Amino acid sequence: MAVVAAGVVIAAAILYSNAHPTAPAGAGGAAQNLPQNVNVSAPSAQDHILGSPTAKVVLIEYSDFECPFCSLVHPTLKGIVAASNGEVAWVMRNFPLTSIHPQANPAANAAECVAEQLGSDGWFKFTDALFANQSKLSTAYYAQAAGQLGADMSKYNACFSASKYQAKIDAEASEAQNNGGNGTPYTVVYGGGKQVPVSGAMPASGFQSVIDSIK
């Protein structure tokens with residue numbers, strides 16, 4: 001019955017995306033035909049996580065900092081975690097759509113450099129700042145935001161200039177694409193031995209339906 005329920009939810013997610021297209025095909029938030037089976041890597045210490053590391057369900061989001069739909073879903077996912085009483089956590093991974101968002105990849109590198117020093121807490125504070133100020137995305141703004149969060153700027157600048165985390169960013173983007181992602185945000189609801197993909201900036205009720213189906 002759980003498999004049937006999950007299939008119903010996937011169908012609902014596809015119908016929602018098709019009825020509420022958020023961008024042209026290939027762009028951020030694009031409606032897409034979701035795969036029936038995905039196999040992304042399990043959450044690990046290498047990830048940036050909000051919520052309990054032992055949560056039963058993890059929302060693994062592949063995101064682009066220049067994507068307006070990622071900005072839209074950001075508070076939705078944060079609210080789901082906050083209201084879950086520790087049962088849901090959120091992992092953010094990188095999926096910069098470099099062909100249409102020139103600042104997405106530099107922003108991802110900046111965020112990783114902040115997280116290197118300030119951990120998941122610093123990552124999510126930095127991402128909050130980027131999504132709240134998407135019109136300001138630039139090398140200068142990343143440095144400003146990193147400094148305001150208390151990062152050691154000598155270490156940050158060296159990390160950012162070297163694109164130290166480019167290999168990690170590329171691997172996460174490839175994982176998203178290999179598992180059916182062709183637009184952002186692309187989220188895999190992970191738990192109970194199941195992985196259910198969700199395309200685009202679905203409302204909280206849509207995510208909650210998927211979460212409930214795999215608990």
# chains A, B, ... in the order shown; residues from 1 in each chain; ligands from 1
$ residues_around --residues "segment 178-180 of chain A" --least-positions-apart "4" --cutoff "7 Å" --atoms "only C-alpha atoms" --output "list in words"
Leu34, Pro35, Val38, Asn39, Val40 and Ser174 of chain A
$ select_by_dssp --residues "chain A" --states "strand (DSSP E or B)" --output "PyMOL selection string"
chain A and resi 48-50+57-63+88-94+186-191+194-199
$ atom_distance --atom1 "atom CA of Leu130 of chain A" --atom2 "atom CA of Ala145 of chain A"
8.3 Å
$ closest_atom_pairs --of "segment 103-146 of chain A" --to "segment 62-68 of chain A" --cutoff "7 Å" --atoms "only C-alpha atoms" --output "tab-separated table"
residue	atom	partner	partner_atom	distance
A:Gln103	CA	A:Glu66	CA	6.4
A:Ala104	CA	A:Glu66	CA	5.2
A:Ala107	CA	A:Phe65	CA	6.4
A:Leu130	CA	A:Phe65	CA	6.8
A:Phe131	CA	A:Phe65	CA	6.6
A:Gln134	CA	A:Glu66	CA	6.3
$ residues_around --residues "Gln166 of chain A" --least-positions-apart "2" --cutoff "10 Å" --atoms "only C-alpha atoms" --output "count of residues only"
14
$ select_by_dssp --residues "segment 48-129 of chain A" --states "helix (DSSP H, G or I)" --output "VMD selection string"
chain A and resid 68 to 82 104 to 129
$ closest_residue --among "A:Asp121, A:Glu175, A:Glu116, A:Asp128" --to "Lys155 of chain A" --atoms "only C-alpha atoms"
A:Glu116
$ residues_around --residues "Val189 of chain A" --least-positions-apart "6" --cutoff "7 Å" --atoms "only C-alpha atoms" --output "ChimeraX atom specification"
/A:57-60,195-197,211
$ closest_residue --among "A:Glu61, A:Glu87, A:Gly200, A:Ala110" --to "Asn33 of chain A" --atoms "only C-alpha atoms"
A:Gly200
$ closest_residue --among "A:Ala129, A:Gly191, A:Ser120, A:Gly183" --to "Ser99 of chain A" --atoms "only C-alpha atoms"
A:Gly183
$ residues_around --residues "segment 149-154 of chain A" --least-positions-apart "5" --cutoff "8 Å" --atoms "only C-alpha atoms" --output "ChimeraX atom specification"
/A:114,117-118,122,125-126,143
$ atom_distance --atom1 "atom CA of Ala82 of chain A" --atom2 "atom CA of Pro96 of chain A"
26.2 Å
$ closest_residue --among "A:Pro102, A:Tyr190, A:Ala140, A:Ser213" --to "Lys56 of chain A" --atoms "only C-alpha atoms"
A:Tyr190
$ residues_around --residues "Ala201 of chain A" --least-positions-apart "6" --cutoff "7 Å" --atoms "only C-alpha atoms" --output "list in words"
Gly29, Phe69, Cys70, Leu72, Val73 and Pro185 of chain A
$ write_last_selection --atoms "N, CA and C atoms" --output "PDB file, in the first residue's frame"
ATOM      1  N   GLY A  29      12.759  25.813 -11.799  1.00  0.00           N
ATOM      2  CA  GLY A  29      11.378  25.546 -11.452  1.00  0.00           C
ATOM      3  C   GLY A  29      10.572  24.909 -12.562  1.00  0.00           C
ATOM      4  N   PHE A  69      12.655  30.582  -8.111  1.00  0.00           N
ATOM      5  CA  PHE A  69      11.779  29.551  -7.561  1.00  0.00           C
ATOM      6  C   PHE A  69      12.417  28.873  -6.353  1.00  0.00           C
ATOM      7  N   CYS A  70      13.757  28.802  -6.341  1.00  0.00           N
ATOM      8  CA  CYS A  70      14.472  28.307  -5.160  1.00  0.00           C
ATOM      9  C   CYS A  70      14.282  29.277  -4.000  1.00  0.00           C
ATOM     10  N   LEU A  72      11.688  31.077  -3.598  1.00  0.00           N
ATOM     11  CA  LEU A  72      10.295  30.921  -3.188  1.00  0.00           C
ATOM     12  C   LEU A  72      10.107  29.712  -2.268  1.00  0.00           C
ATOM     13  N   VAL A  73      10.778  28.605  -2.581  1.00  0.00           N
ATOM     14  CA  VAL A  73      10.581  27.381  -1.795  1.00  0.00           C
ATOM     15  C   VAL A  73      11.406  27.387  -0.510  1.00  0.00           C
ATOM     16  N   PRO A 185      13.914  24.486  -8.103  1.00  0.00           N
ATOM     17  CA  PRO A 185      14.474  23.510  -7.175  1.00  0.00           C
ATOM     18  C   PRO A 185      14.027  22.090  -7.527  1.00  0.00           C
TER      19      PRO A 185
END
$ decode --residues "segment 117-152 of chain A" --atoms "C-alpha atoms" --output "mmCIF file, in the first residue's frame"
data_model
loop_
_atom_site.group_PDB
_atom_site.id
_atom_site.type_symbol
_atom_site.label_atom_id
_atom_site.label_comp_id
_atom_site.auth_asym_id
_atom_site.auth_seq_id
_atom_site.Cartn_x
_atom_site.Cartn_y
_atom_site.Cartn_z
ATOM 1 C CA GLN A 117 34.301 27.813 8.624
ATOM 2 C CA LEU A 118 30.818 28.202 10.093
ATOM 3 C CA GLY A 119 29.224 24.803 9.490
ATOM 4 C CA SER A 120 25.597 24.134 8.624
ATOM 5 C CA ASP A 121 24.410 27.059 10.750
ATOM 6 C CA GLY A 122 26.593 29.426 8.751
ATOM 7 C CA TRP A 123 25.506 27.828 5.478
ATOM 8 C CA PHE A 124 21.825 28.394 6.135
ATOM 9 C CA LYS A 125 22.343 31.955 7.402
ATOM 10 C CA PHE A 126 24.369 32.714 4.288
ATOM 11 C CA THR A 127 21.755 31.155 1.994
ATOM 12 C CA ASP A 128 19.051 33.161 3.754
ATOM 13 C CA ALA A 129 21.016 36.313 2.923
ATOM 14 C CA LEU A 130 21.530 35.342 -0.730
ATOM 15 C CA PHE A 131 17.897 34.487 -1.359
ATOM 16 C CA ALA A 132 16.764 37.689 0.372
ATOM 17 C CA ASN A 133 19.113 39.735 -1.832
ATOM 18 C CA GLN A 134 19.188 37.988 -5.198
ATOM 19 C CA SER A 135 19.458 41.321 -7.022
ATOM 20 C CA LYS A 136 22.794 41.914 -5.261
ATOM 21 C CA LEU A 137 24.477 38.613 -6.148
ATOM 22 C CA SER A 138 28.128 39.374 -6.869
ATOM 23 C CA THR A 139 31.605 38.571 -5.601
ATOM 24 C CA ALA A 140 31.527 41.750 -3.511
ATOM 25 C CA TYR A 141 28.193 40.870 -1.930
ATOM 26 C CA TYR A 142 29.303 37.336 -1.064
ATOM 27 C CA ALA A 143 32.320 38.738 0.759
ATOM 28 C CA GLN A 144 30.154 41.288 2.555
ATOM 29 C CA ALA A 145 27.688 38.636 3.724
ATOM 30 C CA ALA A 146 30.480 36.267 4.778
ATOM 31 C CA GLY A 147 32.111 39.026 6.821
ATOM 32 C CA GLN A 148 28.835 39.936 8.497
ATOM 33 C CA LEU A 149 28.450 36.324 9.613
ATOM 34 C CA GLY A 150 31.904 36.366 11.210
ATOM 35 C CA ALA A 151 33.946 34.400 8.683
ATOM 36 C CA ASP A 152 37.737 34.804 8.713
#
